[in-house]
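Peer 1: Got a structure here, written out as structure tokens. Questions coming.
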Amino acid sequence: MKMGTTRITTIQMVALLSSALIAVGIFTLPRDLAMKVGTPDLWICVILGGICGYLSSLIIVSLSLRFERLTFFEFNKLIIGKWLGTILSICFIGYALLIGAFEIRSMGELTQFYLLEETPISVILITMYWVAIYLLIGGINPIARLIELLNPICILIFILVFCLGFKVFELDNLRPLFGLGAGPILKGMTPTFLTFSGLEFLLVFIAMMQKPKDAKKVALIGLGIPVFIYLLAVVIITGGLSVERMKHQKWPTFALIQEYEYEGILFERFDSLFLVVWLIQMFTTYVVCQYVAAKGISQLTRISYKKANYVLLAAVYIICLIPQDLNQLEKMGTIIGWTSFAFSFFIPSILLIIAVIRRLKHEAEPQNGP
Amino acid sequence: MGEILQFLGRTDVWLGTIVVVLIPIGLTLLTDKVKKLREKQHTRIEQQFIPENHVLSAKLSVNVNQLKAIVGDSSDIIFRQFKLGMDNRSCSIVHIDGLVDQQQLQQSILHSLMHAKQMKSGLNPFKSESIKDYLLHHVLEVSDVTVIKDMKKIVRQLLSGSVLLFVDGLDEVVVLSVKKWLSRNLDEPITEALVRGPRMSFIENLRDNTAMLRRMTTDANLTFADFEIGKRTSRQLTVAYVKDIANEELLNNVKERIENLDIDHAAESGYIEQLIEDDYMSIFPQVQATERPDRVMGAILEGRIAILLDGTSYALLVPATFSMMLQSPEDYYERWIPMSLIRLLRYVAAFLSIFLPSFYIAFVSFHQGLIPTDLALAIAGTRVGVPFPTIIEALLMEVSIELLREAGLRLPRPVGQTVGLVGALIIGEAAVQAGLVSPIMVIVVAATAIASFVSPHYGAGIAQRALRFLAMFSAAFLGLYGISLFFLSLCVHAVKLRSFGVPYVTPGTLYSKDDWKDFFLRMPLFTMRKRPAEYFPKDQVRRKKY
């Protein structure tokens, strides 16, 4: 009788996906939306973005399910040949690294701004990387367990902190609905879709699931949780701050949390609690990104997974220092967003079409353990 | 292009990269090497504790002299020569004074041998076969009798308290077990005190301990498997499990580890614990030690495995997980609502005892802005005149409390109270009045100390004390961010740790969401219809009906 499994369970996968999606967007999305849309209809964008995300995740899932037990790095060679496939894989690895570096750098900037003004940012970054590498060398199972352990707590605290914002909520700030028609909403679609970058990691993780059949359910719930959190955030921030103020705040989320105070209980303000939980979320997102990249390298080359992690650690550290200031960091975010669009929608669709036309399929022989 | 070159030429980038990569690599290599140390094979010469190979002969005097040569002439070994009742055959009884029940020796052995009646016809008294049968069937009034030929085994039996009977003309030895030695009475468990439940704890005698377990059930599946531990002292070790519940893979794993351990002398089950645990570099106990038979019984009925060692009152339970360190069998003896709350309280206490001083340090020295203004002002007010930074202040108080705790533990009871009194006075009053520490710091330290006493498991309590200091240092370096990182690395360590194949954070991560019923809360008993899935028991259902 076996003691447990070495694959990822369905619940772990849901936690993994949702924590990969909840990331720096919590801080940047409200302002980006306010800048682009300019009317209080921001929240409709989030819902529409979520629906689009679900559609593209369906493409990803059906592509992955055609090739049982194969990750993106392995099956793209089967579809478009060795050379093109390798190039695609390298791009994917680079993209994963870019996201990881971006998340950690944003985390560092925010931590420096709110918590440790006098500490050099490199110290903040390096300590975080050390904790991450300690987790990463353990492989996918500890990662999945950690995320499964922390994700529910984080989500609960997010919901709690945002709901406490109802104290300053004013419904008038959300009106009028469709004040300028549907035009602005469409403009807001780009930043929303960019926030949901991370869906494409399903291309790798579905191969490691215990029951790949559940992948569609995973995509639905794993996407639903972040959409709900973002929706809650956007609605409450709009209601609490109004669109005009959102445009002028650097980080509207934080402005909202600092807006309300509950006197007489132990914490009057919740910014510290929120920051800690958000730090943990950023950490998990980064770990997922680097895992994907390291897994890719170990499948493409003969470098072992552990060694790949150390090499990538250096790469990620250098990448995350490239942006000189917050503006450049924002630009980096935009680049990531567009690449994400390519990897979560464009490339999977093309691959799926080719696979269907060429009737490519791969069936795994029954076996245990990855 | 020039910008890129300039960027790559920056020394801080390169230095940072080197630091960020090389230190983890170095640490990994180091830990790998340290972990290998335990697996290192030493070839050692097979130890012989009994000099040569002795062969028993048919002559009594030869045999007795051989035995004397092996065991030497210790004063506690008694050789008694006498004649067999009916035919004047020479016999000799050898035993160790103090390990044998004297009364039984006199009545059922010596008396019956010396007064043996004339044997019936048909048995030839001069053939060794028949004299052996005669003695076994008609004379000896002892139930546990064996006949052994091997000299090594004979010596071991003698030294563990059996009585040897040498008979002239017999090249074998009759071993009679009438052991009796000093053992204490059943007592209340000292380290795991309880309010409600059976007031007994294991004692130092293995047989009594297994008997205690046996008395709790008449289930034929309760199995005791014996091992001999310690190359020189060879103590008895018993693995207890329920045959049709315990997972086979787990059981084999445990047995294999016990067979592989190589030790001269196991003084306490702590030796076994440290030799069979998964990661000896971890700060968490991966084996649960307990004095309470009811806890052991509960555990083996869940599919876990108990290890009992002769000579200690502590039994070991494997596998162990983090949540177990905060549970007590009493949780199930009282009603579920109060016990659930108490269990929640234990989790809060564990968290506080690790993190409370570090939060104080972080908020006071880094983020005064994040605490309520009045509180910040109050703290600042009391800290006026304190000459040290918070970390030194906190360390001062924490170290003195640890000193007090250790001192109180070792001293004789009447003196111990004095230590408590002096400590309270010095730590509480004097330190504040001398302006060394602030009063709020005293409150923080006291609350932490009380929280750390809540832990129902001593091993987990010590781990918490060590972790508290690490948390304080990380708070002193990086404030709240440092605490978050410390918490994360603690979590990372816990998720990487396994105890006999079971992840240490089970059931925090769900193999089965059913196990949450017995995690933070203790749900009513009727909901626990199945055994915890985390140990993958063979028989999953506890009862059929609701």
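So you can find residues: chains in the structure tokens are A, B, ... in the order shown, residues in each start at 1, and ligands are numbered from 1 in order.
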What are the DSSP helix (DSSP H, G or I) residues of region 373-501 of chain B, as a PyMOL selection string?
Peer 2: chain B and resi 373-382+390-410+413-433+439-453+458-496
Peer 1: May I ask you to extract the residues of chain A within 6 Å of chain B, using only C-alpha atoms, and to give them as a VMD selection string?
Peer 2: chain A and resid 126 131 135 142 145 to 146 148 to 149 268 314
Peer 1: I'd like the contact shell of region 73-79 of chain A - 12 Å cut-off, only C-alpha atoms, skipping same-chain residues fewer than 4 positions apart - returned as an NGL selection string.
Peer 2: :A and (63-69 or 83-93 or 201 or 203-205 or 207 or 292-301 or 347-348 or 350-363)
Peer 1: Tell me which protein, DNA and RNA residues are within 9 Å of Ala144 (chain A), counting only C-alpha atoms, leaving out same-chain ones fewer than 3 positions away, and put them as a ChimeraX atom specification.
Peer 2: /A:8-9,12-13,15-16,140-141,147-149 /B:509
Peer 1: Could you please take those selected residues and save N, CA and C atoms as a PDB file, in the first residue's frame?
Peer 2:
```
ATOM      1  N   ILE A   8       0.763  16.251  -8.127  1.00  0.00           N
ATOM      2  CA  ILE A   8       0.035  17.362  -7.517  1.00  0.00           C
ATOM      3  C   ILE A   8      -1.442  17.010  -7.459  1.00  0.00           C
ATOM      4  N   THR A   9      -2.061  17.171  -6.313  1.00  0.00           N
ATOM      5  CA  THR A   9      -3.484  16.893  -6.225  1.00  0.00           C
ATOM      6  C   THR A   9      -4.264  18.066  -6.810  1.00  0.00           C
ATOM      7  N   GLN A  12      -4.280  21.170  -4.622  1.00  0.00           N
ATOM      8  CA  GLN A  12      -2.988  21.850  -4.685  1.00  0.00           C
ATOM      9  C   GLN A  12      -2.871  22.660  -5.968  1.00  0.00           C
ATOM     10  N   MET A  13      -3.387  22.074  -7.055  1.00  0.00           N
ATOM     11  CA  MET A  13      -3.278  22.739  -8.347  1.00  0.00           C
ATOM     12  C   MET A  13      -4.103  24.030  -8.346  1.00  0.00           C
ATOM     13  N   ALA A  15      -4.798  25.872  -5.778  1.00  0.00           N
ATOM     14  CA  ALA A  15      -4.068  26.851  -4.965  1.00  0.00           C
ATOM     15  C   ALA A  15      -2.886  27.403  -5.746  1.00  0.00           C
ATOM     16  N   LEU A  16      -2.207  26.508  -6.450  1.00  0.00           N
ATOM     17  CA  LEU A  16      -1.025  26.912  -7.213  1.00  0.00           C
ATOM     18  C   LEU A  16      -1.401  27.948  -8.269  1.00  0.00           C
ATOM     19  N   ILE A 140       8.815  20.028  -6.820  1.00  0.00           N
ATOM     20  CA  ILE A 140       7.451  20.531  -6.940  1.00  0.00           C
ATOM     21  C   ILE A 140       6.604  20.213  -5.715  1.00  0.00           C
ATOM     22  N   ASN A 141       6.835  19.065  -5.060  1.00  0.00           N
ATOM     23  CA  ASN A 141       5.931  18.690  -3.973  1.00  0.00           C
ATOM     24  C   ASN A 141       5.962  19.653  -2.794  1.00  0.00           C
ATOM     25  N   ILE A 147       2.185  26.202  -0.944  1.00  0.00           N
ATOM     26  CA  ILE A 147       1.149  27.084  -1.482  1.00  0.00           C
ATOM     27  C   ILE A 147      -0.214  26.659  -0.965  1.00  0.00           C
ATOM     28  N   GLU A 148      -0.417  25.358  -0.908  1.00  0.00           N
ATOM     29  CA  GLU A 148      -1.685  24.847  -0.398  1.00  0.00           C
ATOM     30  C   GLU A 148      -1.896  25.281   1.043  1.00  0.00           C
ATOM     31  N   LEU A 149      -0.788  25.338   1.794  1.00  0.00           N
ATOM     32  CA  LEU A 149      -0.868  25.695   3.209  1.00  0.00           C
ATOM     33  C   LEU A 149      -1.173  27.175   3.384  1.00  0.00           C
TER      34      LEU A 149
ATOM     35  N   THR B 509      -1.865  20.468   4.690  1.00  0.00           N
ATOM     36  CA  THR B 509      -2.093  20.266   3.273  1.00  0.00           C
ATOM     37  C   THR B 509      -2.955  19.034   3.170  1.00  0.00           C
TER      38      THR B 509
END
```
Peer 1: Just checking: using only C-alpha atoms, which residue out of B:Met151, B:Ile440, B:Asn53, B:Arg207 ends up closest to Thr390 (chain B)?
Peer 2: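 Residue with the minimum atom-to-atom distance to Thr390 (chain B): B:Ile440.
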Peer 1: Would you work out the distance separating CA of Leu436 (chain B) from CA of Thr382 (chain B), expressed in Å to one decimal?
Peer 2: 11.2 Å
Peer 1: For each of A:Tyr310, A:Tyr317, A:Phe346, A:Tyr54, take the minimum atom-to-atom distance to Lys216 (chain A), counting only C-alpha atoms, then give the residue where this is smallest.
Peer 2: A:Tyr54
Peer 1: Just the residues within 9 Å of region 259-276 of chain B, please, counting only C-alpha atoms, with nothing from its chain fewer than 3 positions along; format it as a PyMOL selection string.
Peer 2: chain B and resi 227-235+254-256+280+285-289+307-316
